[in-house]
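Student: Can you read through this structure? Questions will come right after.
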Amino acid sequence: MAKTVKDKLSILADAAKYDASCASSGSKRSNGGKGLGNTTGMGICHSYTPDGRCISLLKILLTNRCIYDCRYCVNRVSNDVPRAGFTVEEVVKLTVEFYRRNYIEGLFLSSGVVMNSDRTMDLLAEVARQLREDEGFHGYIHLKGVVGASNEALEKAGRYADRVSANVELPVQRDLDRLAPEKSIDEAEGAMRFLKSGIDESRARGRRPRIVSTQSGPRQRSRAPRRFSPAGQSTQMIVGATPSNDASVLDTANRLYQTHKLRRVYYTAYSPIPNAHQDLPTESPVLVREHRLYQADWLLRFYEFTIDEVVTQDDGNLDLEVDPKMAWALAHREFFPVDVNRAPREALLRVPGLGTRSVGRILKARRRRRLRVADLRQLRAPLKRVMPFLVAADGWETAAKTLDRGDLRKRVTTDDRQLLLFEAQTSAKNGQV
Amino acid sequence: MKVGDTKSAVIVLDGTLDHWRHHVRALAASGDLPESVRWVDPRRSPAEPTGGLFASAPPAAAAEPTQAKGDASGQALLLPRRFVEQLKTVSCFRSEEMWLVAYRLLRRIVMGERDLMEDPLDKDVTAFLRMEKAVRRDAHKMHAFVRFRCIQDADARGGERFIAWYEPSHLIVEREAEFFRKRFPSMDWSILSPDRCAHWDGKEVTITAGATRDAAPTDDELEELWCAYYASIFNPARVKLKAMTAEMPRKFWHTLPETQQIPDLLADVPRRLAEMAETSRRMAESAMPFVPQGAPLAELKDALPGCEGCELFSNHTSAVAGEGPENASIAILGEQPGDLEEQAGRPFVGPAGQVLDELLSGAGLPREKLYLTNAVKHFRHEVQFKSGERGKRRLHKRPTLEHVSRCQPWFDAEMGRVQPETLICLGATAARSVFGPTFRMPSPGDAPIARTSRYAKRTHVTFHPAAILRAPTPERRDSLTQHARSVFEAAKGPTS
């Protein structure tokens, strides 16, 4: 019985929902007044589902048929789920028609592996090619790098997509051996290395001046930069499907950020899937773990924290009760209190509750006056959270009274629970899952 | 209208920034800027009872300010460039208050507080920035939440026109028309709203007066697909309504087709969660807890009678363990023990076992060097009483996917010890327990091929001896036998 496009869409969107990324930012693509769509560099979330996640892209699989048997994956060959597959033309048409009605920013296309990796990768790239060349589509395209795809196949994907991402799936090879014996981290990193060289090359060309003068007199236009995955690359790691601890997850992430200049590492809490394999936990790891990993990831990249600093527990895991910055502060009370009127930027950034933006505001405001507690309130600093660690012109008592108290942890923990909801919102806004 | 401060002037605006700026310049030209001015803007306070008084207020925005540029009163005010940019944004804010704040700031800057905007603690600055942020957010939401509906229109390019009904919180339609022009250059579109409407025909953007909702189409055939997508991408395992409504406040819902199904989706969450829990509970209940992990084969055999991984343990049969040496290089996987196997407590000793023995000796494979086992260790059967015959018969009944999956930890443990070079799956049940339920059996005419599985580097699939026994025709029997022979022959090949 032939499936309708609607049936296929339901199956293949459902199968794609375990991929976390939905970012549509970081790429600029202008249409020169023709065709359909442009990408402005700012992502747009066009809708939100009741799970609080945003819909920015049409996120689907080309097919959920797969020759692999990765045990954490809902689409593994041994799983008994309804199967479907789109044709290239169907995906192109859906993307264009959704885009024209302003439902989406573009397409995030992944796939189960059919026939072989190269053939599958080529089909994904062909969707992107048709969108760009036949439909004049300038919206965002994110293609998943199919595991085991050759450099030639990746090359075509990078030429038409805004982002190509290869998933490492699990933090260490030992985990892969257990759950996805056909996959290897080296192979994923091989793809990343290739993508990085393509991205670097196209950036370098883009920086070169477009107009060059030649010896023979008239100035000539140099070749336009070859576009290659202009929004960079990202990857995804599943957390909680294996016993690997947060330190090893962050360690892998850190290495990938440094070696392959990834834009993002997405962490996705293993979500028990229908008909899961017995090797897998049946309970989902607490979602807060995924959240804490994102917080730690952020601290590592933008706040100059190290893995040793954010991982405060002996078992190598993040503290689930409080955020990693608070956990560090609780373990390093000798560093505090910090004087909000004198401390350097780096010290202020270590205060739980102060982010780069509020620190920026504080630095601006204190040039004009000595900051008092009321000023901090007006700057929207979360007072209950920050005051145990700060000294303001008129407020040193809170810090003096609470900093060395044994129950400080308990106090901030209750605050933290309320904060979680709020943070989930902000993270939804900036696309950080 | 009563104004407390007698010094304050009353100025009626047409709602545009240019008009306001014109008046500010005029005030500046006539001497010092007065400390307070009462700005009246009918476009921003249409509900105000005094609104009628301003019926004569200049309706056309453009005329006055352009003249103002040339006239003496229009002397340029030196303002920081960034402030001027911010003013353009803030002037879309839907409240009369806005002019007041903007004027106070402007006056203070002109009076000498040049870096006033750098002070994040100043009350006027905070209010101004808050309005700027509100307008930007509203614009961003408009970029996100406008939903076009397509209608047939012979006059439009491509015969299609895209029309949206949208109600922004602030007066941003004119400002944001540019965004949509850049995004959809090849489409003819209109965005209708209560304040203003914007239209694009491929040449220019036209702004017209506000419209009502009934001017917009009520449906679009793509919405069914869009709603199906929305419903499928939602993960019921993690409901976070607050996170959703923080980013997509309810006031926007009435123009977003996908939100219509939210109540139904939420109502269905408990059922879907219960279903998921039930599936994972059923799947979690496997033989796993009964299997001594990493134990040698003898120990596995000892533990097998205690298994309660599925309901078959209670069917008055005893489980049949695998048989063969731990260092076997070839393993053979069948479906489940039959009547005679169950009685003997050994695999492949019934009629099908005899067929297997013939195949093995034909290929020159000594049975005692192989490891033989079944995907399901218990005998699933139906009891049949037949009139005219004595006693009852136990009829084979094919185990389900669930039986196979629950029993799999035993096979995993066996293979963990044996680690064969070659695995031969006999029949569909065995093959599917290795390659998954979507695996399709080969045709009898196919050449034997070795695949890689998680159990053995070379894994073959052929037909179960019982299928050969029960073949409907001699021809069929021959072709099945032929396939099995070729597989055993191939399996023997490189390892012997």
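Naming scheme: A, B, ... for chains in displayed order of the structure tokens; residues 1 onward per chain; ligands 1 onward as shown.
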Residues within 10 Å of A:Leu300, please, as a list in words. Count only C-alpha atoms; anything in the same chain fewer than 6 positions from it doesn't count.
Tutor: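 After dropping sequence-adjacent residues, the list is Leu250, Asn254, Tyr294, Thr306, Ile307, Glu309 and Val310 of chain A.
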Student: Those residues you just picked out, can you put them in a file as an mmCIF file, in the first residue's frame with C-alpha atoms?
Tutor:
data_model
loop_
_atom_site.group_PDB
_atom_site.id
_atom_site.type_symbol
_atom_site.label_atom_id
_atom_site.label_comp_id
_atom_site.auth_asym_id
_atom_site.auth_seq_id
_atom_site.Cartn_x
_atom_site.Cartn_y
_atom_site.Cartn_z
ATOM 1 C CA LEU A 250 33.142 17.113 28.233
ATOM 2 C CA ASN A 254 36.530 19.901 24.344
ATOM 3 C CA TYR A 294 25.184 22.599 28.179
ATOM 4 C CA THR A 306 38.448 24.123 32.871
ATOM 5 C CA ILE A 307 36.909 20.652 33.023
ATOM 6 C CA GLU A 309 36.775 23.172 37.707
ATOM 7 C CA VAL A 310 33.264 22.411 36.477
#
Student: Using only C-alpha atoms, select each residue of chain A with any atom at most 6 Å away from an atom of chain B, and give the selection as a PyMOL selection string.
Tutor: chain A and resi 6+10+13-14+17+33-38+46+48-52+77-78+80+101-102+365+425
Student: So what do you get for atom CA of B:Ser36 versus atom CA of B:Ala9, distance-wise?
Tutor: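 About the pair atom CA of B:Ser36 and atom CA of B:Ala9: they are 7.2 Å apart.
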Student: For stretch 464-481 of chain B, find every residue with an atom within 6 Å (counting only C-alpha atoms), except residues of its own chain fewer than 3 positions away, and show them as a PyMOL selection string.
Tutor: chain B and resi 352+355-356+426-427+444+484
Student: Please produce an output containing all heavy atoms for each residue in the selection, written as a compact mmCIF listing (two decimals), in the first residue's frame.
Tutor:
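Produced file result37.txt, reproduced below:
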# COMPACT_ATOMS: atom_id res chain seq x y z
N ALA B 352 13.46 -32.81 12.46
CA ALA B 352 14.22 -31.73 11.82
C ALA B 352 15.70 -31.89 12.11
O ALA B 352 16.54 -31.62 11.27
CB ALA B 352 13.71 -30.36 12.30
N VAL B 355 17.27 -34.13 9.65
CA VAL B 355 17.56 -33.44 8.39
C VAL B 355 18.86 -32.64 8.54
O VAL B 355 19.72 -32.65 7.65
CB VAL B 355 16.40 -32.51 7.99
CG1 VAL B 355 16.75 -31.73 6.73
CG2 VAL B 355 15.13 -33.30 7.80
N LEU B 356 18.98 -31.97 9.69
CA LEU B 356 20.19 -31.18 9.92
C LEU B 356 21.43 -32.08 9.91
O LEU B 356 22.44 -31.75 9.28
CB LEU B 356 20.08 -30.42 11.25
CG LEU B 356 21.33 -29.61 11.65
CD1 LEU B 356 21.56 -28.47 10.67
CD2 LEU B 356 21.22 -29.08 13.08
N LEU B 426 19.20 -20.64 10.95
CA LEU B 426 18.26 -21.51 10.26
C LEU B 426 16.85 -20.94 10.39
O LEU B 426 16.30 -20.90 11.49
CB LEU B 426 18.32 -22.92 10.85
CG LEU B 426 19.70 -23.61 10.81
CD1 LEU B 426 19.63 -24.98 11.47
CD2 LEU B 426 20.18 -23.73 9.37
N GLY B 427 16.31 -20.44 9.30
CA GLY B 427 14.95 -19.95 9.31
C GLY B 427 14.84 -18.48 9.68
O GLY B 427 15.79 -17.85 10.15
N PRO B 444 15.25 -19.37 -2.45
CA PRO B 444 16.02 -20.63 -2.51
C PRO B 444 17.08 -20.59 -3.60
O PRO B 444 18.12 -21.24 -3.47
CB PRO B 444 14.94 -21.67 -2.83
CG PRO B 444 13.67 -21.08 -2.39
CD PRO B 444 13.80 -19.60 -2.54
N ALA B 484 20.37 -24.89 1.48
CA ALA B 484 20.99 -25.21 2.77
C ALA B 484 22.35 -25.85 2.55
O ALA B 484 23.33 -25.51 3.21
CB ALA B 484 20.07 -26.12 3.58
Student: Using only C-alpha atoms, pick whichever of B:His403, B:Arg107, B:Arg272, B:Lys369 has the shortest atom-to-atom distance to B:Cys310.
Tutor: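 Closest candidate: B:His403.
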Student: Which residues come within 6 Å of stretch 115-130 of chain A, counting only C-alpha atoms, excluding same-chain residues fewer than 6 positions away, as a list in words?
Tutor: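 That gives Val88, Val146, Gly148, Ala149, Ala153, Ala157 and Tyr160 of chain A.
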Student: Could you write out that same residue set with N, CA, C and O atoms as a PDB file, in the first residue's frame?
Tutor:
ATOM      1  N   VAL A  88      13.578  12.278  -3.418  1.00  0.00           N
ATOM      2  CA  VAL A  88      14.274  13.564  -3.386  1.00  0.00           C
ATOM      3  C   VAL A  88      13.297  14.687  -3.729  1.00  0.00           C
ATOM      4  O   VAL A  88      13.237  15.721  -3.056  1.00  0.00           O
ATOM      5  N   VAL A 146      26.560  11.397   6.612  1.00  0.00           N
ATOM      6  CA  VAL A 146      26.250   9.991   6.825  1.00  0.00           C
ATOM      7  C   VAL A 146      27.520   9.262   7.269  1.00  0.00           C
ATOM      8  O   VAL A 146      28.591   9.473   6.692  1.00  0.00           O
ATOM      9  N   GLY A 148      30.474   7.002   7.559  1.00  0.00           N
ATOM     10  CA  GLY A 148      31.170   6.205   6.562  1.00  0.00           C
ATOM     11  C   GLY A 148      31.169   6.783   5.163  1.00  0.00           C
ATOM     12  O   GLY A 148      31.671   6.165   4.239  1.00  0.00           O
ATOM     13  N   ALA A 149      30.617   7.998   4.993  1.00  0.00           N
ATOM     14  CA  ALA A 149      30.591   8.577   3.657  1.00  0.00           C
ATOM     15  C   ALA A 149      31.994   9.033   3.251  1.00  0.00           C
ATOM     16  O   ALA A 149      32.775   9.493   4.083  1.00  0.00           O
ATOM     17  N   ALA A 153      31.699  12.369  -1.387  1.00  0.00           N
ATOM     18  CA  ALA A 153      30.273  12.535  -1.103  1.00  0.00           C
ATOM     19  C   ALA A 153      30.059  13.708  -0.152  1.00  0.00           C
ATOM     20  O   ALA A 153      29.114  14.488  -0.311  1.00  0.00           O
ATOM     21  N   ALA A 157      27.950  17.606  -0.434  1.00  0.00           N
ATOM     22  CA  ALA A 157      27.055  18.092   0.617  1.00  0.00           C
ATOM     23  C   ALA A 157      27.489  19.472   1.080  1.00  0.00           C
ATOM     24  O   ALA A 157      26.683  20.385   1.207  1.00  0.00           O
ATOM     25  N   TYR A 160      26.542  22.591  -1.120  1.00  0.00           N
ATOM     26  CA  TYR A 160      25.189  23.134  -1.197  1.00  0.00           C
ATOM     27  C   TYR A 160      24.575  23.436   0.165  1.00  0.00           C
ATOM     28  O   TYR A 160      23.586  24.133   0.248  1.00  0.00           O
TER      29      TYR A 160
END
Student: If you count only C-alpha atoms, which residues fall within 12 Å of A:Glu304, apart from same-chain ones fewer than 2 positions away, as a count of residues only?
Tutor: 19
Student: Just the strand (DSSP E or B) stuff from stretch 109-327 of chain B, please, per backbone DSSP, written as an MDAnalysis selection string.
Tutor: chainID B and resid 149:152 160:165 188:192 196:200 205:209 323
Student: Show me, as number ranges by chain, the residues that have an atom within 6 Å of stretch 167-170 of chain A when counting only C-alpha atoms, minus same-chain residues fewer than 3 positions from it.
Tutor: A: 185, 188, 235-238
Student: Considering only C-alpha atoms, return as a PyMOL selection string whatever protein or nucleic-acid residues lie within 8 Å of B:Asp188, sequence-local ones (same chain, fewer than 5 positions apart) excluded.
Tutor: chain B and resi 156-157+160-162+199-202
Student: With DSSP run on the backbone, what are the helix (DSSP H, G or I) residues within stretch 52-190 of chain B? I'd like them as JSON, numbers by chain.
Tutor: {"B": [52, 53, 54, 55, 56, 63, 64, 65, 66, 67, 68, 69, 70, 72, 73, 74, 81, 82, 83, 84, 85, 86, 87, 88, 89, 90, 97, 98, 99, 100, 101, 102, 103, 104, 105, 106, 107, 108, 109, 110, 116, 117, 118, 123, 124, 125, 126, 127, 128, 129, 130, 131, 132, 133, 134, 135, 136, 137, 138, 139, 140, 141, 142, 143, 144, 145, 157, 158, 159, 173, 174, 175, 176, 177, 178, 179, 180, 181, 182, 183]}
